[in-house]
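Take a look at the structure set out below.
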Amino acid sequence: MKKLWWLTLSFVVFAALAAYAQTSSNVSVFATGFSNPRGLKWGPDGNLYVAEAGTGAGNSSTVGQCLQVPAPVGPLLGGFGARISKVSPSGTRSTLVANLPSARAQIGDILGVADVAFIGDQLYALLTGSGCSHGHINGHNAVIKVDADGSWTRIADLSAFLALHPVKNPEPDDFEPDGTWYNMISVDGNFYAVEPNHGEVDEITTGGIVTRLIDLSETQGHVVPTAIARIKNGFYVVNLNTFPINPGSSARYTVSNVGGVTKIKPGLTTAVSVVVIGDDTYVLELSTDPGFPAPGKGAVVRVRGTSIATIADGLTAPTGMTLGPDGALYVSNIGTGGPPGAGQIVKITIP
């Protein structure tokens, strides 16, 4: 099974089972009411901003009009069920932007807004549920600029970039023409976005120029990179890997500022997010047991030197993680596979 993880968790019972999962004592629920929450960032205004894949509403089909995602995942149906939420420091959720492009796979999974990032006071977001292969005939996966009134404009066309710049070794039976963009960070006034399906990391300017930092498919194969963090003289990148889950088969890579890649820390499992604090690296793991993701098997681990230690567990399909202004980690929990409104943001106190 080579399909990406968010295309394997579409079970109505998944969120119900999550209610029976017991998290570790340092995990508490910070906010609720999210629909497939993904990436999240604290804004300079003190609020937390959360990207949501959304509800999957819509039945727009582009079959026969462009290249489609292979069955059994595709063809996808397009809609406008994604959104961006704003969460106050007390945990109250409100909708900043609604009706953003989304897509629903034949097996039920949903793509929409993948992540958010700030440059100064300005909010930007990463769209992954748009594009012709996702049921939007004139749509494009993109980086968008989001204003305080909820209006938005596209600044970079990521669908067009993928079409014009194929990676060296795409996976034919797991190919998304418009990509399944997942994580985005801002560094020195530019963005770095990770695309797991094609296997690449790209640099994006606020003027809309996209350049490839690294094609991991060329040297690492179909490892499904998911997340990136800035370090001195480069970046850390972590990867999910393919299914069935083989514990310990994911890794942390270093990527230089000019795109050189080195695998430096194997032993991780289904890594979907990474946060660096000093000399420690915190990695969010989707599900740690062999086979396929299961409720209550998500975890956060700390990489310190040569050791890997679990600092929080009992999470269910966690999808994104960020460092809070209070020094705690905030995680999107029940980030995929649950019904509308089942998603949570949980706070993890670092021991």
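Convention: chains lettered A, B, ... in structure tokens order; per-chain residue numbering from 1; ligands numbered from 1 as shown.
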_Give me the residues near range 176-185 of chain A as a ChimeraX atom specification, where near means some atom within 8 Å (using only C-alpha atoms) and where sequence neighbours in that chain fewer than 6 positions away do not count._
/A:39,67-69,111,114-117,126-134,140-141,158-159,162-163,191-198,226-229,273
*Please provide the set of residues having any atom within 8 Å of range 74-84 of chain A, restricted to only C-alpha atoms, with same-chain residues fewer than 4 positions apart removed, written as a PyMOL selection string.*
chain A and resi 49-63+68-70+95-106+111-113+129-130+133-136
Can those selected residues be exported to a file as a CSV table (one decimal), in the first residue's frame so that it contains N, CA and C atoms?
chain,number,residue,atom,x,y,z
A,49,TYR,N,-3.6,30.2,14.7
A,49,TYR,CA,-4.2,30.0,13.4
A,49,TYR,C,-4.1,28.6,12.9
A,50,VAL,N,-5.2,28.0,12.5
A,50,VAL,CA,-5.3,26.5,12.2
A,50,VAL,C,-5.8,26.3,10.8
A,51,ALA,N,-5.0,25.6,10.0
A,51,ALA,CA,-5.5,25.2,8.6
A,51,ALA,C,-6.4,24.0,8.8
A,52,GLU,N,-7.5,24.0,8.1
A,52,GLU,CA,-8.4,22.8,8.1
A,52,GLU,C,-8.7,22.3,6.7
A,53,ALA,N,-8.6,21.0,6.6
A,53,ALA,CA,-9.0,20.4,5.3
A,53,ALA,C,-10.5,20.6,5.1
A,54,GLY,N,-11.2,20.6,6.2
A,54,GLY,CA,-12.6,20.9,6.2
A,54,GLY,C,-13.6,19.7,6.1
A,55,THR,N,-14.7,19.9,5.5
A,55,THR,CA,-15.8,18.9,5.6
A,55,THR,C,-15.9,18.0,4.4
A,56,GLY,N,-15.2,18.4,3.3
A,56,GLY,CA,-15.3,17.6,2.1
A,56,GLY,C,-16.6,17.9,1.3
A,57,ALA,N,-17.3,18.9,1.6
A,57,ALA,CA,-18.5,19.3,0.9
A,57,ALA,C,-18.2,19.5,-0.6
A,58,GLY,N,-19.1,19.1,-1.5
A,58,GLY,CA,-19.0,19.3,-2.9
A,58,GLY,C,-18.9,18.1,-3.7
A,59,ASN,N,-19.3,18.2,-5.0
A,59,ASN,CA,-19.3,17.0,-5.9
A,59,ASN,C,-18.9,17.3,-7.3
A,60,SER,N,-18.0,18.4,-7.4
A,60,SER,CA,-17.6,18.8,-8.7
A,60,SER,C,-16.5,17.8,-9.3
A,61,SER,N,-16.8,17.3,-10.5
A,61,SER,CA,-15.9,16.3,-11.1
A,61,SER,C,-15.2,16.9,-12.4
A,62,THR,N,-14.0,16.6,-12.6
A,62,THR,CA,-13.3,17.0,-13.8
A,62,THR,C,-12.8,15.8,-14.6
A,63,VAL,N,-13.4,14.7,-14.4
A,63,VAL,CA,-13.1,13.5,-15.2
A,63,VAL,C,-13.2,13.8,-16.7
A,68,GLN,N,-6.2,12.6,-13.9
A,68,GLN,CA,-6.8,12.4,-12.6
A,68,GLN,C,-5.9,11.6,-11.7
A,69,VAL,N,-6.2,11.6,-10.4
A,69,VAL,CA,-5.5,10.8,-9.4
A,69,VAL,C,-6.0,9.3,-9.6
A,70,PRO,N,-5.0,8.4,-9.6
A,70,PRO,CA,-5.4,7.0,-9.9
A,70,PRO,C,-6.4,6.4,-8.9
A,95,THR,N,-14.1,31.3,12.9
A,95,THR,CA,-13.7,31.1,11.5
A,95,THR,C,-13.2,32.4,11.0
A,96,LEU,N,-11.9,32.4,10.4
A,96,LEU,CA,-11.3,33.6,9.8
A,96,LEU,C,-11.7,33.6,8.3
A,97,VAL,N,-11.5,32.4,7.6
A,97,VAL,CA,-11.8,32.3,6.2
A,97,VAL,C,-12.6,31.0,6.0
A,98,ALA,N,-13.7,31.0,5.4
A,98,ALA,CA,-14.5,29.9,5.0
A,98,ALA,C,-14.6,29.7,3.5
A,99,ASN,N,-15.1,28.5,3.1
A,99,ASN,CA,-15.4,28.2,1.7
A,99,ASN,C,-14.1,28.3,0.8
A,100,LEU,N,-13.0,27.7,1.4
A,100,LEU,CA,-11.8,27.6,0.6
A,100,LEU,C,-11.9,26.3,-0.2
A,101,PRO,N,-11.1,26.1,-1.3
A,101,PRO,CA,-11.2,24.9,-2.1
A,101,PRO,C,-10.8,23.7,-1.3
A,102,SER,N,-11.6,22.6,-1.5
A,102,SER,CA,-11.3,21.3,-0.9
A,102,SER,C,-11.6,20.2,-1.9
A,103,ALA,N,-11.2,19.0,-1.5
A,103,ALA,CA,-11.4,17.9,-2.4
A,103,ALA,C,-11.6,16.6,-1.6
A,104,ARG,N,-12.4,15.7,-2.1
A,104,ARG,CA,-12.7,14.5,-1.4
A,104,ARG,C,-12.4,13.3,-2.2
A,105,ALA,N,-11.6,12.4,-1.7
A,105,ALA,CA,-11.2,11.2,-2.4
A,105,ALA,C,-12.3,10.2,-2.4
A,106,GLN,N,-12.3,9.2,-3.3
A,106,GLN,CA,-13.3,8.2,-3.4
A,106,GLN,C,-13.4,7.4,-2.2
A,111,LEU,N,-8.9,16.9,1.4
A,111,LEU,CA,-7.8,17.8,1.3
A,111,LEU,C,-8.4,19.2,1.3
A,112,GLY,N,-7.6,20.2,1.8
A,112,GLY,CA,-8.1,21.6,1.8
A,112,GLY,C,-7.0,22.5,2.0
A,113,VAL,N,-7.0,23.2,3.2
A,113,VAL,CA,-5.9,24.0,3.5
A,113,VAL,C,-4.9,23.2,4.3
A,129,GLY,N,-6.1,21.5,-1.6
A,129,GLY,CA,-7.4,20.8,-2.1
A,129,GLY,C,-7.9,21.4,-3.4
A,130,SER,N,-7.1,22.2,-4.1
A,130,SER,CA,-7.5,22.7,-5.4
A,130,SER,C,-6.8,22.1,-6.5
A,133,SER,N,-7.0,18.2,-11.0
A,133,SER,CA,-7.1,16.8,-10.5
A,133,SER,C,-7.8,16.6,-9.2
A,134,HIS,N,-8.2,17.7,-8.6
A,134,HIS,CA,-8.9,17.7,-7.3
A,134,HIS,C,-10.4,18.2,-7.5
A,135,GLY,N,-10.8,18.2,-8.8
A,135,GLY,CA,-12.2,18.5,-9.0
A,135,GLY,C,-12.5,20.0,-9.2
A,136,HIS,N,-11.4,20.8,-9.4
A,136,HIS,CA,-11.5,22.3,-9.6
A,136,HIS,C,-11.0,22.6,-11.0
*Sel. of strand (DSSP E) residues, range 28-210 of chain A, as a PyMOL selection string*: chain A and resi 28-34+37-42+48-52+77-87+93-104+110-111+113-119+122-127+142-146+152-157+183-187+190-195+200-204+210
Write out as a PDB file with N, CA and C atoms, in the first residue's frame all residues of range 162-338 of chain A that backbone DSSP assigns to alpha helix (DSSP H).
ATOM      1  N   LEU A 162       4.446  22.402 -10.464  1.00  0.00           N
ATOM      2  CA  LEU A 162       4.614  20.948 -10.542  1.00  0.00           C
ATOM      3  C   LEU A 162       4.504  20.452 -11.980  1.00  0.00           C
ATOM      4  N   ALA A 163       3.571  21.016 -12.730  1.00  0.00           N
ATOM      5  CA  ALA A 163       3.389  20.580 -14.112  1.00  0.00           C
ATOM      6  C   ALA A 163       4.609  20.876 -14.973  1.00  0.00           C
ATOM      7  N   LEU A 164       5.266  21.990 -14.709  1.00  0.00           N
ATOM      8  CA  LEU A 164       6.413  22.415 -15.510  1.00  0.00           C
ATOM      9  C   LEU A 164       7.736  21.856 -15.011  1.00  0.00           C
ATOM     10  N   LEU A 216      13.820  15.088  -3.234  1.00  0.00           N
ATOM     11  CA  LEU A 216      14.205  13.912  -2.463  1.00  0.00           C
ATOM     12  C   LEU A 216      13.980  12.623  -3.234  1.00  0.00           C
ATOM     13  N   SER A 217      13.066  12.631  -4.214  1.00  0.00           N
ATOM     14  CA  SER A 217      12.823  11.412  -4.984  1.00  0.00           C
ATOM     15  C   SER A 217      14.065  10.980  -5.754  1.00  0.00           C
ATOM     16  N   GLU A 218      14.907  11.941  -6.100  1.00  0.00           N
ATOM     17  CA  GLU A 218      16.084  11.633  -6.905  1.00  0.00           C
ATOM     18  C   GLU A 218      17.097  10.796  -6.142  1.00  0.00           C
ATOM     19  N   THR A 219      17.292  11.094  -4.861  1.00  0.00           N
ATOM     20  CA  THR A 219      18.328  10.395  -4.088  1.00  0.00           C
ATOM     21  C   THR A 219      17.773   9.455  -3.030  1.00  0.00           C
ATOM     22  N   GLN A 220      16.529   9.704  -2.572  1.00  0.00           N
ATOM     23  CA  GLN A 220      15.983   8.916  -1.464  1.00  0.00           C
ATOM     24  C   GLN A 220      14.829   8.010  -1.877  1.00  0.00           C
TER      25      GLN A 220
END
*Contacts of range 283-293 of chain A at 8 Å or less, counting only C-alpha atoms, minus same-chain residues fewer than 2 places along, as a ChimeraX atom specification?*
/A:9,243-247,268-275,281,295-303,316-321
*For Thr153 in chain A, please output as a list in words all residues within 8 Å (counting only C-alpha atoms; exclusion window: fewer than 5 positions along the same chain).*
Ile144, Lys145 and Val146 of chain A
